[in-house]
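What follows is the content of model-v9.cif, which has mmCIF, C-alpha atoms:
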```
data_input
loop_
_atom_site.label_atom_id
_atom_site.label_comp_id
_atom_site.auth_asym_id
_atom_site.auth_seq_id
_atom_site.Cartn_x
_atom_site.Cartn_y
_atom_site.Cartn_z
CA MET A 11 165.59 75.94 135.19
CA SER A 12 164.37 74.88 138.61
CA ALA A 13 162.56 77.19 141.01
CA SER A 14 165.71 77.56 143.11
CA GLU A 15 167.81 78.88 140.24
CA ILE A 16 167.81 82.40 138.90
CA SER A 17 169.21 83.38 135.55
CA THR A 18 171.84 86.10 135.74
CA THR A 19 173.69 87.73 132.90
CA THR A 20 177.16 89.17 133.32
CA SER A 21 176.72 91.51 130.35
CA THR A 22 174.13 92.10 127.67
CA SER A 23 176.18 90.28 125.03
CA ALA A 24 177.40 87.41 127.24
CA PRO A 25 175.49 84.13 127.37
CA THR A 26 173.17 83.57 130.32
CA VAL A 27 174.81 81.76 133.24
CA GLU A 28 172.53 80.19 135.80
CA TYR A 29 173.76 80.15 139.39
CA ARG A 30 172.30 79.05 142.66
CA ASN A 31 173.83 81.23 145.36
CA VAL A 32 174.37 79.13 148.48
CA LEU A 33 175.28 80.95 151.69
CA ILE A 34 177.19 78.86 154.21
CA PRO A 35 177.95 80.48 157.57
CA ILE A 36 181.26 79.15 158.90
CA ASP A 37 182.86 78.89 162.31
CA ALA A 38 185.46 76.64 163.91
CA SER A 39 182.97 74.01 165.11
CA ALA A 40 182.77 70.40 163.97
CA ASN A 41 179.05 71.01 163.35
CA CYS A 42 179.87 73.65 160.76
CA GLU A 43 182.27 71.36 158.93
CA ARG A 44 179.68 68.58 159.08
CA ALA A 45 177.11 70.92 157.52
CA PHE A 46 179.44 71.78 154.63
CA ILE A 47 180.24 68.11 154.02
CA TRP A 48 176.51 67.31 154.13
CA TYR A 49 175.93 70.05 151.54
CA LEU A 50 178.66 68.57 149.30
CA GLU A 51 177.20 65.07 149.56
CA ASN A 52 173.50 65.96 149.31
CA LEU A 53 172.79 69.37 147.77
CA LYS A 54 175.75 70.41 145.63
CA THR A 55 175.08 71.13 141.98
CA ASP A 56 177.43 72.20 139.20
CA LYS A 57 175.71 75.58 139.11
CA ASP A 58 176.27 76.54 142.75
CA LEU A 59 178.18 79.63 143.79
CA ILE A 60 179.17 79.39 147.46
CA PHE A 61 179.25 82.40 149.78
CA PHE A 62 181.13 81.58 152.98
CA VAL A 63 180.31 84.01 155.78
CA HIS A 64 182.10 84.16 159.11
CA VAL A 65 180.68 86.49 161.76
CA ILE A 66 183.05 87.82 164.39
CA GLU A 67 181.35 88.97 167.57
CA PRO A 68 183.11 92.05 168.97
CA ALA A 69 184.92 91.72 172.28
CA TYR A 70 182.59 94.43 173.59
CA SER A 71 178.92 95.14 173.05
CA SER A 72 178.67 98.77 174.12
CA PRO A 73 180.77 101.74 173.07
CA ALA A 74 180.92 102.81 176.73
CA VAL A 75 182.75 99.67 177.88
CA GLY A 76 186.25 100.48 179.07
CA LEU A 77 185.84 104.23 178.69
CA ALA A 78 185.22 105.13 182.33
CA ILE A 79 187.94 107.26 183.91
CA GLU A 80 188.72 104.51 186.45
CA SER A 81 189.32 101.99 183.66
CA PRO A 82 192.92 101.34 182.76
CA PRO A 83 193.72 102.30 179.15
CA ILE A 84 194.98 98.78 178.54
CA MET A 85 191.38 97.55 178.28
CA ILE A 86 190.87 99.28 174.93
CA ASP A 87 194.20 97.88 173.74
CA ASP A 88 193.12 94.40 174.87
CA MET A 89 189.82 94.71 172.98
CA THR A 90 191.67 95.81 169.85
CA ARG A 91 194.11 92.91 170.16
CA VAL A 92 191.27 90.41 170.64
CA MET A 93 189.48 91.76 167.56
CA GLU A 94 192.66 91.61 165.47
CA GLU A 95 193.22 88.02 166.59
CA SER A 96 189.60 87.17 165.75
CA VAL A 97 190.05 88.56 162.24
CA VAL A 98 193.21 86.47 161.75
CA VAL A 99 191.40 83.34 162.97
CA GLY A 100 188.42 84.18 160.73
CA LYS A 101 190.67 84.54 157.68
CA LYS A 102 192.32 81.17 158.39
CA LEU A 103 188.90 79.61 158.75
CA GLY A 104 187.83 81.12 155.43
CA GLN A 105 190.98 79.75 153.78
CA LYS A 106 190.18 76.26 155.10
CA TYR A 107 186.68 76.31 153.61
CA MET A 108 187.83 77.94 150.37
CA LYS A 109 190.33 75.09 149.94
CA MET A 110 187.55 72.54 150.53
CA ALA A 111 185.35 74.30 147.96
CA LYS A 112 188.21 74.46 145.46
CA ASN A 113 188.81 70.71 145.92
CA ALA A 114 185.10 70.17 145.22
CA LYS A 115 185.47 72.33 142.07
CA LEU A 116 182.99 74.91 143.37
CA PRO A 117 183.20 78.64 142.71
CA PHE A 118 183.18 80.57 145.98
CA LYS A 119 183.53 83.88 147.75
CA ALA A 120 184.30 84.42 151.43
CA PHE A 121 183.35 87.28 153.73
CA LEU A 122 184.07 88.33 157.32
CA HIS A 123 181.46 90.35 159.18
CA ILE A 124 181.79 91.94 162.60
CA ASP A 125 178.45 92.04 164.37
CA THR A 126 177.05 91.59 167.88
CA LYS A 127 174.17 89.54 166.43
CA PRO A 128 175.45 86.68 164.27
CA GLY A 129 171.98 85.51 163.23
CA ALA A 130 170.99 88.95 161.98
CA ALA A 131 174.34 89.30 160.17
CA ILE A 132 173.77 85.98 158.38
CA VAL A 133 170.24 86.93 157.30
CA ARG A 134 171.46 90.33 156.10
CA SER A 135 174.32 88.66 154.23
CA ALA A 136 171.89 86.28 152.52
CA THR A 137 169.94 89.29 151.28
CA ASP A 138 173.08 91.19 150.23
CA HIS A 139 174.45 88.23 148.26
CA LYS A 140 171.07 87.28 146.79
CA ALA A 141 171.29 83.80 148.31
CA HIS A 142 168.84 81.19 147.13
CA LEU A 143 169.63 78.85 150.02
CA ILE A 144 171.38 78.91 153.41
CA VAL A 145 173.08 75.78 154.76
CA ILE A 146 173.90 76.09 158.46
CA GLY A 147 175.09 73.72 161.17
CA SER A 148 173.29 73.46 164.48
CA ARG A 149 174.88 72.97 167.90
CA GLY A 150 172.00 70.73 168.89
CA LEU A 151 171.09 72.65 172.02
CA GLY A 152 168.14 71.41 174.00
CA ALA A 153 165.14 73.67 174.58
CA ILE A 154 166.39 75.03 177.92
CA LYS A 155 169.93 75.86 176.78
CA ARG A 156 168.59 77.31 173.53
CA THR A 157 166.31 79.63 175.54
CA PHE A 158 169.20 80.99 177.61
CA LEU A 159 172.02 80.89 175.07
CA GLY A 160 170.02 81.62 171.95
CA SER A 161 170.37 79.77 168.71
CA VAL A 162 171.82 81.32 165.60
CA SER A 163 170.24 78.65 163.41
CA ASP A 164 166.80 79.25 165.00
CA TYR A 165 167.15 82.98 164.33
CA VAL A 166 168.14 82.35 160.72
CA VAL A 167 165.26 79.91 160.14
CA HIS A 168 162.69 82.35 161.54
CA ASN A 169 164.03 85.50 159.86
CA SER A 170 165.40 84.37 156.51
CA HIS A 171 163.42 84.94 153.34
CA VAL A 172 165.10 82.00 151.58
CA PRO A 173 165.08 78.28 152.38
CA VAL A 174 167.39 77.21 155.20
CA ALA A 175 168.87 73.73 155.59
CA VAL A 176 169.79 73.22 159.26
CA ILE A 177 172.17 70.32 159.66
CA PRO A 178 172.00 68.86 163.18
CA PRO A 179 175.02 67.51 165.04
CA GLN A 180 175.82 63.87 164.43
CA HIS A 181 174.53 62.86 167.86
CA PRO A 182 172.27 65.01 170.05
CA ALA A 183 173.63 66.06 173.42
CA PRO A 184 173.03 63.27 175.95
CA HIS A 185 170.22 63.65 178.48
CA GLU A 186 168.67 66.63 176.72
CA HIS A 187 165.11 66.84 175.55
CA ARG A 188 164.98 68.24 172.03
CA ASP A 189 162.08 70.11 170.50
CA HIS A 190 161.07 69.33 166.95
#
```
Could I get this structure in the form of structure tokens?
Amino acid sequence: MSASEISTTTSTSAPTVEYRNVLIPIDASANCERAFIWYLENLKTDKDLIFFVHVIEPAYSSPAVGLAIESPPIMIDDMTRVMEESVVVGKKLGQKYMKMAKNAKLPFKAFLHIDTKPGAAIVRSATDHKAHLIVIGSRGLGAIKRTFLGSVSDYVVHNSHVPVAVIPPQHPAPHEHRDH
């Protein structure tokens, strides 16, 4: 058994089955799909169990938004509609990746999380699912954009307690200086 595999037993009388739990955050980006394909071509083992995680950021970040007396009641309805649409999109995304995993003959599970902080949700999910490895795509932001927009992959790398494979975009953004 390698260092990245942990022996788990489904019952005391069942034989030991060794799994490597691989958490793969998913979104609708080409970078995410590229990361999953890279995993399939470079890291996949027959003993992997894939945990797909899609984080939906709420349409609002404060419970007080839209609750002022002057606010039209439609705003709350709009937020609810946007969240419902996000869940539908997230489920379709999960189905796409589950089909890809099934075609690769990989066991998998898929989860939707709603959180204002996707990086923190991914790290928490890795802990909850006892992940041995996280494979995540990167948008390839330069240092300046990353400072202002934040980077989910940077957050995961710096806060995860398991190894993280960050798969960069195929080609870095033109005219951007990248830190290494």
Shell around region 98-102 of chain A at 12 Å using all atoms listed in the file, local window under 4 positions removed, as JSON, numbers by chain: {"A": [35, 36, 37, 38, 62, 63, 64, 65, 66, 67, 91, 92, 93, 94, 106, 107, 108, 109, 120, 121, 122, 123, 124]}
Give as an MDAnalysis selection string the residues that the PyMOL selection byres ((chain A and resi 45) around 7) matches when applied to the coordinates above. chainID A and resid 41:44 46:49 145:147 177
Considering only C-alpha atoms, state which residue in the set A:Ala111, A:Ser135, A:Arg149, A:Glu51 is at the smallest distance from Val172 (chain A).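 So, comparing all the options, the nearest one is A:Ser135.
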Measuring atom to atom with only C-alpha atoms, identify which of A:Val97, A:Ala40, A:Leu50, A:Leu116 is nearest to Pro68 (chain A).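 Of all the options, A:Val97 lies closest to Pro68 (chain A).
Candidate residues A:Pro179, A:Pro117, A:Pro128, A:Gly104 were compared for distance to Asp56 (chain A), and the nearest is A:Pro117, using only C-alpha atoms.
Atom to atom, CA of Ile60 (chain A) and CA of Asn169 (chain A) stand 20.5 Å apart.
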Would you translate the PyMOL selection byres ((chain A and resi 59) around 7) into the concrete set of residues it matches in this file, as a list in words?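 Taken on the displayed file, the PyMOL selection byres ((chain A and resi 59) around 7) yields the residues Tyr29, Arg30, Asn31, Val32, Lys57, Asp58, Ile60, Phe61, Leu116, Pro117 and Phe118 of chain A.
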What are the centre and the three edge lengths of an axis-aligned box that wraps all atoms of region 100-112 of chain A in the file, given that 3 Å is added to every side, written as AutoDock Vina command-line options and rounded to one decimal in Å?
```
--center_x 188.8 --center_y 78.5 --center_z 153.1 --size_x 13.0 --size_y 18.0 --size_z 21.3
```
Please, what distance in Å, to one decimal, runs between CA of Ser170 (chain A) and CA of Leu103 (chain A)? 24.1 Å
How many Å lie between CA of Ile132 (chain A) and CA of Ala175 (chain A), rounded to one decimal? 13.5 Å
Counting all atoms listed in the file, what is within 12 Å of Tyr165 (chain A), bar same-chain residues fewer than 6 positions away, as a PyMOL selection string? chain A and resi 127-134+146+148+156-157+159+171+174+176
